[in-house]
$ cat coords22.cif   # mmCIF, C-alpha atoms
data_upload
loop_
_atom_site.label_atom_id
_atom_site.label_comp_id
_atom_site.auth_asym_id
_atom_site.auth_seq_id
_atom_site.Cartn_x
_atom_site.Cartn_y
_atom_site.Cartn_z
CA THR A 1 -20.12 66.58 -142.23
CA PHE A 2 -21.53 63.21 -141.18
CA GLY A 3 -25.03 64.62 -141.66
CA VAL A 4 -24.13 65.75 -145.19
CA LEU A 5 -22.26 62.64 -146.37
CA SER A 6 -23.72 59.98 -144.03
CA GLU A 7 -20.14 58.77 -143.65
CA LEU A 8 -17.52 59.27 -140.95
CA LEU A 9 -14.30 61.03 -141.95
CA PRO A 10 -11.05 59.02 -141.82
CA LEU A 11 -8.70 59.74 -138.94
CA ASP A 12 -5.71 59.88 -141.28
CA GLY A 13 -5.08 60.25 -144.99
CA LYS A 14 -7.41 61.13 -147.84
CA ALA A 15 -11.07 60.21 -147.71
CA SER A 16 -12.50 57.70 -150.16
CA TYR A 17 -15.69 59.62 -150.94
CA LYS A 18 -16.13 62.09 -153.82
CA PRO A 19 -18.17 65.09 -152.61
CA THR A 20 -20.48 66.75 -155.09
CA TRP A 21 -21.76 70.30 -155.39
CA PRO A 22 -24.95 69.53 -153.40
CA ASN A 23 -22.70 68.31 -150.56
CA VAL A 24 -20.74 71.57 -150.67
CA ARG A 25 -23.95 73.60 -150.71
CA GLN A 26 -25.32 71.73 -147.69
CA GLN A 27 -22.06 72.23 -145.82
CA LEU A 28 -22.15 75.96 -146.61
CA GLU A 29 -25.72 76.12 -145.33
CA ALA A 30 -24.57 74.42 -142.14
CA ALA A 31 -21.75 76.96 -141.74
CA GLY A 32 -24.23 79.82 -142.22
CA MET A 33 -26.58 78.30 -139.67
CA PHE A 34 -23.76 78.02 -137.13
CA LEU A 35 -22.77 81.64 -137.84
CA ILE A 36 -26.31 82.86 -137.17
CA LEU A 37 -26.48 80.80 -133.97
CA LEU A 38 -23.13 82.20 -132.82
CA VAL A 39 -24.19 85.81 -133.35
CA ALA A 40 -27.60 85.24 -131.73
CA LEU A 41 -26.06 83.51 -128.71
CA THR A 42 -23.48 86.27 -128.24
CA VAL A 43 -26.10 89.03 -128.45
CA LEU A 44 -28.35 87.14 -126.05
CA GLY A 45 -25.53 86.53 -123.60
CA LYS A 46 -24.45 90.19 -123.57
CA SER A 47 -27.99 91.54 -123.33
CA GLN A 48 -28.76 89.23 -120.40
CA ALA A 49 -25.40 89.74 -118.68
CA THR A 50 -26.87 91.78 -115.83
CA ARG A 51 -29.54 89.17 -115.23
CA PHE A 52 -26.99 86.38 -114.78
CA GLU A 53 -24.46 88.58 -113.00
CA GLY A 54 -22.62 86.65 -110.32
CA SER A 55 -23.55 83.24 -111.72
CA LYS A 56 -20.36 81.48 -112.81
CA ILE A 57 -22.31 78.51 -114.17
CA SER A 58 -24.29 80.66 -116.61
CA GLY A 59 -21.16 82.44 -117.80
CA ARG A 60 -19.31 79.20 -118.38
CA LEU A 61 -22.33 77.70 -120.14
CA PHE A 62 -22.55 80.62 -122.57
CA LYS A 63 -18.81 80.44 -123.20
CA PHE A 64 -18.92 76.69 -123.77
CA MET A 65 -21.83 76.98 -126.20
CA SER A 66 -20.18 79.85 -128.11
CA THR A 67 -16.91 77.95 -128.42
CA THR A 68 -18.69 74.80 -129.58
CA ILE A 69 -20.69 76.64 -132.24
CA ALA A 70 -17.56 78.51 -133.42
CA MET A 71 -15.74 75.19 -133.74
CA CYS A 72 -18.60 73.72 -135.78
CA MET A 73 -18.66 76.74 -138.09
CA SER A 74 -14.88 76.64 -138.57
CA TRP A 75 -14.85 72.93 -139.38
CA SER A 76 -17.73 73.37 -141.85
CA ILE A 77 -15.88 76.10 -143.74
CA LEU A 78 -12.69 74.06 -143.63
CA ARG A 79 -14.48 71.07 -145.12
CA VAL A 80 -15.94 73.19 -147.93
CA GLY A 81 -12.48 74.50 -148.83
CA ASP A 82 -10.99 71.02 -148.63
CA TRP A 83 -13.61 69.62 -151.00
CA THR A 84 -13.41 72.43 -153.55
CA MET A 85 -9.61 72.35 -153.63
CA GLY A 86 -9.73 68.58 -154.04
CA TRP A 87 -11.69 69.03 -157.28
CA HIS A 88 -8.82 71.00 -158.84
CA ILE A 89 -5.73 69.55 -157.13
CA GLU A 90 -5.26 65.79 -157.06
CA THR A 91 -2.38 65.73 -154.54
CA HIS A 92 -3.94 65.62 -151.09
CA THR A 93 -1.13 67.47 -149.29
CA LEU A 94 -0.97 70.21 -151.91
CA SER A 95 -4.74 70.65 -151.80
CA LEU A 96 -4.61 71.11 -148.01
CA ILE A 97 -1.85 73.72 -148.31
CA ALA A 98 -3.75 75.55 -151.07
CA ASN A 99 -6.87 75.43 -148.91
CA ALA A 100 -4.94 76.91 -145.99
CA PHE A 101 -3.65 79.79 -148.16
CA SER A 102 -7.04 80.58 -149.69
CA THR A 103 -8.87 80.27 -146.37
CA THR A 104 -6.33 82.56 -144.71
CA LEU A 105 -6.87 85.24 -147.37
CA LEU A 106 -10.65 84.93 -146.99
CA ALA A 107 -10.42 85.05 -143.19
CA VAL A 108 -8.16 88.14 -143.24
CA PHE A 109 -10.59 89.96 -145.53
CA CYS A 110 -13.57 89.02 -143.35
CA ILE A 111 -11.71 90.00 -140.16
CA VAL A 112 -10.81 93.43 -141.56
CA VAL A 113 -14.40 94.08 -142.65
CA LEU A 114 -15.89 92.84 -139.36
CA ASP A 115 -13.37 94.87 -137.36
CA LEU A 116 -14.41 98.00 -139.23
CA PHE A 117 -18.06 97.28 -138.42
CA ALA A 118 -17.20 96.60 -134.77
CA ASP A 119 -15.24 99.85 -134.53
CA SER A 120 -18.11 101.80 -136.10
CA VAL A 121 -20.50 100.33 -133.53
CA ALA A 122 -18.09 101.12 -130.71
CA GLU A 123 -17.61 104.71 -131.89
CA GLU A 124 -21.27 105.43 -131.15
CA MET A 125 -20.15 106.02 -127.57
CA ASP A 126 -19.59 109.72 -127.06
CA ASN A 127 -16.33 111.16 -125.78
CA GLU A 128 -17.58 111.67 -122.24
CA ASP A 129 -18.62 108.05 -121.85
CA ALA A 130 -15.25 106.92 -123.16
CA GLU A 131 -13.42 109.05 -120.57
CA ILE A 132 -15.57 107.63 -117.77
CA SER A 133 -14.89 104.09 -119.00
CA ILE A 134 -11.14 104.76 -119.05
CA MET A 135 -11.17 106.03 -115.47
CA LYS A 136 -13.16 103.04 -114.25
CA THR A 137 -10.88 100.64 -116.08
CA MET A 138 -7.75 102.25 -114.66
CA GLN A 139 -9.26 101.85 -111.19
CA SER A 140 -9.63 98.10 -111.93
CA MET A 141 -13.35 97.92 -111.24
CA PRO A 142 -14.33 94.35 -112.22
CA GLU A 143 -18.01 95.01 -112.54
CA GLU A 144 -17.35 97.54 -115.30
CA GLU A 145 -14.58 95.76 -117.15
CA ASP A 146 -16.70 94.61 -120.12
CA GLN A 147 -17.50 97.69 -122.16
CA HIS A 148 -18.69 95.91 -125.31
CA ASN A 149 -22.30 96.31 -126.34
CA PRO A 150 -24.06 93.20 -127.73
CA MET A 151 -23.51 93.97 -131.42
CA GLU A 152 -19.83 94.78 -130.99
CA ALA A 153 -19.38 91.62 -128.94
CA ALA A 154 -21.05 89.60 -131.71
CA PHE A 155 -18.63 90.98 -134.31
CA ARG A 156 -15.66 90.24 -132.03
CA THR A 157 -16.86 86.68 -131.47
CA VAL A 158 -17.12 86.02 -135.20
CA ILE A 159 -13.62 87.48 -135.66
CA THR A 160 -12.32 85.04 -133.04
CA SER A 161 -14.01 82.14 -134.83
CA PHE A 162 -12.25 83.11 -138.10
CA GLY A 163 -8.95 83.05 -136.24
CA LEU A 164 -9.82 79.55 -135.06
CA LEU A 165 -10.58 78.58 -138.67
CA VAL A 166 -7.15 79.73 -139.86
CA GLY A 167 -5.45 77.79 -137.07
CA ILE A 168 -7.30 74.57 -137.94
CA CYS A 169 -6.48 74.92 -141.67
CA TRP A 170 -2.77 75.37 -141.10
CA GLU A 171 -2.66 72.60 -138.50
CA LYS A 172 -4.04 70.12 -141.04
CA ALA A 173 -1.78 71.44 -143.80
CA SER A 174 1.32 71.23 -141.58
CA ASP A 175 0.45 67.71 -140.47
CA ALA A 176 -0.03 66.55 -144.07
CA ALA A 177 3.22 68.23 -145.18
CA LEU A 178 5.08 66.56 -142.31
CA GLU A 179 3.71 63.15 -143.26
CA THR A 180 4.69 63.70 -146.90
CA LEU A 181 8.21 64.74 -145.93
CA ILE A 182 8.67 61.66 -143.76
CA GLU A 183 7.16 59.22 -146.26
CA GLY A 184 9.18 60.68 -149.14
CA THR A 185 12.58 60.46 -147.41
CA ASP A 186 14.18 57.04 -146.92
CA ILE A 187 16.02 57.93 -143.71
CA PHE A 188 12.94 59.52 -142.13
CA CYS A 189 10.68 56.70 -143.30
CA ARG A 190 12.80 54.08 -141.53
CA HIS A 191 12.53 55.99 -138.23
CA LYS A 192 9.10 57.64 -138.32
CA VAL A 193 8.73 58.27 -134.60
CA LEU A 194 12.19 59.80 -134.19
CA SER A 195 11.67 61.82 -137.36
CA LYS A 196 8.41 63.29 -136.09
CA ILE A 197 10.03 64.15 -132.75
CA GLY A 198 13.01 65.78 -134.45
CA LEU A 199 10.93 67.79 -136.92
CA GLY A 200 8.58 68.85 -134.12
CA ALA A 201 11.56 70.04 -132.05
CA LEU A 202 12.81 71.99 -135.08
CA VAL A 203 9.45 73.73 -135.41
CA VAL A 204 9.52 74.61 -131.70
CA ILE A 205 13.01 76.09 -132.02
CA ILE A 206 11.88 78.27 -134.94
CA VAL A 207 8.52 79.36 -133.50
CA MET A 208 9.32 79.74 -129.79
CA PRO A 209 11.37 82.99 -130.01
CA ALA A 210 8.54 84.81 -131.80
CA TRP A 211 6.03 83.32 -129.35
CA ILE A 212 8.05 84.55 -126.36
CA LEU A 213 8.60 88.01 -127.81
CA TYR A 214 5.10 88.78 -129.13
CA ILE A 215 2.48 86.37 -127.78
CA VAL A 216 3.51 85.86 -124.14
CA PRO A 217 3.54 89.60 -123.19
CA LYS A 218 -0.01 89.99 -124.53
CA ALA A 219 -1.18 86.83 -122.76
CA GLU A 220 0.27 87.99 -119.42
CA MET A 221 -1.68 91.25 -119.51
CA HIS A 222 -4.74 91.47 -117.27
CA VAL A 223 -8.21 92.17 -118.65
CA GLU A 224 -8.09 95.68 -117.18
CA GLU A 225 -4.84 96.41 -119.04
CA HIS A 226 -6.30 95.21 -122.35
CA MET A 227 -9.43 97.31 -121.81
CA ALA A 228 -7.35 100.35 -120.87
CA THR A 229 -5.32 100.02 -124.09
CA ILE A 230 -8.45 99.67 -126.21
CA LEU A 231 -10.23 102.58 -124.57
CA PHE A 232 -7.17 104.86 -124.74
CA GLU A 233 -6.88 104.15 -128.48
CA ARG A 234 -10.59 104.83 -128.89
CA HIS A 235 -10.27 108.05 -126.93
CA ALA A 236 -7.31 109.17 -129.06
CA LYS A 237 -9.30 108.43 -132.22
CA HIS A 238 -12.18 110.58 -130.92
CA LYS A 239 -9.80 113.46 -130.20
CA LYS A 240 -8.30 113.21 -133.67
CA HIS A 241 -11.76 113.22 -135.21
CA TYR A 242 -12.83 116.29 -133.21
CA ARG A 243 -9.65 118.16 -134.16
CA LYS A 244 -10.29 117.52 -137.86
CA ALA A 245 -13.89 118.67 -137.45
CA ALA A 246 -12.74 121.83 -135.74
#
$ encode --input "coords22.cif" --output "structure tokens"
Amino acid sequence: TFGVLSELLPLDGKASYKPTWPNVRQQLEAAGMFLILLVALTVLGKSQATRFEGSKISGRLFKFMSTTIAMCMSWSILRVGDWTMGWHIETHTLSLIANAFSTTLLAVFCIVVLDLFADSVAEEMDNEDAEISIMKTMQSMPEEEDQHNPMEAAFRTVITSFGLLVGICWEKASDAALETLIEGTDIFCRHKVLSKIGLGALVVIIVMPAWILYIVPKAEMHVEEHMATILFERHAKHKKHYRKAA
């Protein structure tokens, strides 16, 4: 964004600049460049995985670079949505919330499409290879735990980056809505720090039950368990396909 506008973004509140269409186009080009770099880096990392096998430094370097590029792409898309919504909605908080809604819809559509492409790439494995992969995964063989080919891994990485984009959009929208609520209420405005702590605690009380019930069990699963679930579902899909063909 600094390269596009030659101006640093403010840490809080609405920016003073008025972005134009050329600025939006340049930011979109930057997002596309980051997307291409992310896919290329993922394909390169997966194709060279055997070469760097056993090197923790190389693995961490690839992961760090992929995460950094995904962050850059997400922030570029977020900035484009923020600018375009700002042209139509004057209220800064409302424009951020509208941007979060529209970006979420776009991200969900892209994730569904990319997931279909990733599944079609994964289904090129024949049924025998899938059964062998399931047996190796159930035996917890670490050297065989990553069954993704480079193209499938690239699609999955882009899907993850879209999830990051949605999280960033709603974080900014929630922060702006919280500030508006505090500034617009006399009692909250007189005690800003206590108000932020209280509202934050309220959010935790509402969100934590769902987090404990749905997120924590998935996070506590080992890589082998995740791979076994994926491969069993893939195997069941193959069986269903063969039964229909028969």
$ resolve_selection --input "coords22.cif" --expression "the PyMOL selection byres ((chain A and resi 199) around 12)" --output "MDAnalysis selection string"
chainID A and resid 174:175 177:179 181:182 188 191:198 200:206
$ write_last_selection --input "coords22.cif" --atoms "C-alpha atoms" --output "mmCIF file, in the coordinates of the input"
data_model
loop_
_atom_site.group_PDB
_atom_site.id
_atom_site.type_symbol
_atom_site.label_atom_id
_atom_site.label_comp_id
_atom_site.auth_asym_id
_atom_site.auth_seq_id
_atom_site.Cartn_x
_atom_site.Cartn_y
_atom_site.Cartn_z
ATOM 1 C CA SER A 174 1.320 71.230 -141.580
ATOM 2 C CA ASP A 175 0.450 67.710 -140.470
ATOM 3 C CA ALA A 177 3.220 68.230 -145.180
ATOM 4 C CA LEU A 178 5.080 66.560 -142.310
ATOM 5 C CA GLU A 179 3.710 63.150 -143.260
ATOM 6 C CA LEU A 181 8.210 64.740 -145.930
ATOM 7 C CA ILE A 182 8.670 61.660 -143.760
ATOM 8 C CA PHE A 188 12.940 59.520 -142.130
ATOM 9 C CA HIS A 191 12.530 55.990 -138.230
ATOM 10 C CA LYS A 192 9.100 57.640 -138.320
ATOM 11 C CA VAL A 193 8.730 58.270 -134.600
ATOM 12 C CA LEU A 194 12.190 59.800 -134.190
ATOM 13 C CA SER A 195 11.670 61.820 -137.360
ATOM 14 C CA LYS A 196 8.410 63.290 -136.090
ATOM 15 C CA ILE A 197 10.030 64.150 -132.750
ATOM 16 C CA GLY A 198 13.010 65.780 -134.450
ATOM 17 C CA GLY A 200 8.580 68.850 -134.120
ATOM 18 C CA ALA A 201 11.560 70.040 -132.050
ATOM 19 C CA LEU A 202 12.810 71.990 -135.080
ATOM 20 C CA VAL A 203 9.450 73.730 -135.410
ATOM 21 C CA VAL A 204 9.520 74.610 -131.700
ATOM 22 C CA ILE A 205 13.010 76.090 -132.020
ATOM 23 C CA ILE A 206 11.880 78.270 -134.940
#
$ resolve_selection --input "coords22.cif" --expression "the PyMOL selection byres ((chain A and resi 94) around 12)" --output "ChimeraX atom specification"
/A:14,82,85-86,88-93,95-101,172-178,180
$ atom_distance --input "coords22.cif" --atom1 "atom CA of A:Met73" --atom2 "atom CA of A:Leu35"
6.4 Å
$ closest_residue --input "coords22.cif" --among "A:Lys63, A:Ala154, A:Glu233, A:Ser76" --to "A:Glu29" --atoms "all atoms listed in the file"
A:Ser76
$ residues_around --input "coords22.cif" --residues "A:Arg156" --least-positions-apart "4" --cutoff "10 Å" --atoms "only C-alpha atoms" --output "ChimeraX atom specification"
/A:39,42,111,114-115,117-119,148,150-152,160-162
$ resolve_selection --input "coords22.cif" --expression "the PyMOL selection byres ((chain A and resi 75) around 9)" --output "PyMOL selection string"
chain A and resi 1+31+70-74+76-80+165+168-169
$ closest_residue --input "coords22.cif" --among "A:Thr67, A:Thr229, A:Thr104, A:Gln27" --to "A:Gly163" --atoms "all atoms listed in the file"
A:Thr104
$ closest_residue --input "coords22.cif" --among "A:Asn23, A:Leu164, A:Glu220, A:Phe232" --to "A:Val108" --atoms "all atoms listed in the file"
A:Leu164
$ atom_distance --input "coords22.cif" --atom1 "atom CA of A:Gly81" --atom2 "atom CA of A:Cys110"
15.6 Å
$ atom_distance --input "coords22.cif" --atom1 "atom CA of A:Ile69" --atom2 "atom CA of A:Ala30"
10.9 Å
$ axis_aligned_box --input "coords22.cif" --around "stretch 95-99 of chain A" --padding-each-side "6 Å" --output "lines of an AutoDock Vina configuration file"
center_x = -4.4
center_y = 73.1
center_z = -149.9
size_x = 17.0
size_y = 16.9
size_z = 15.8
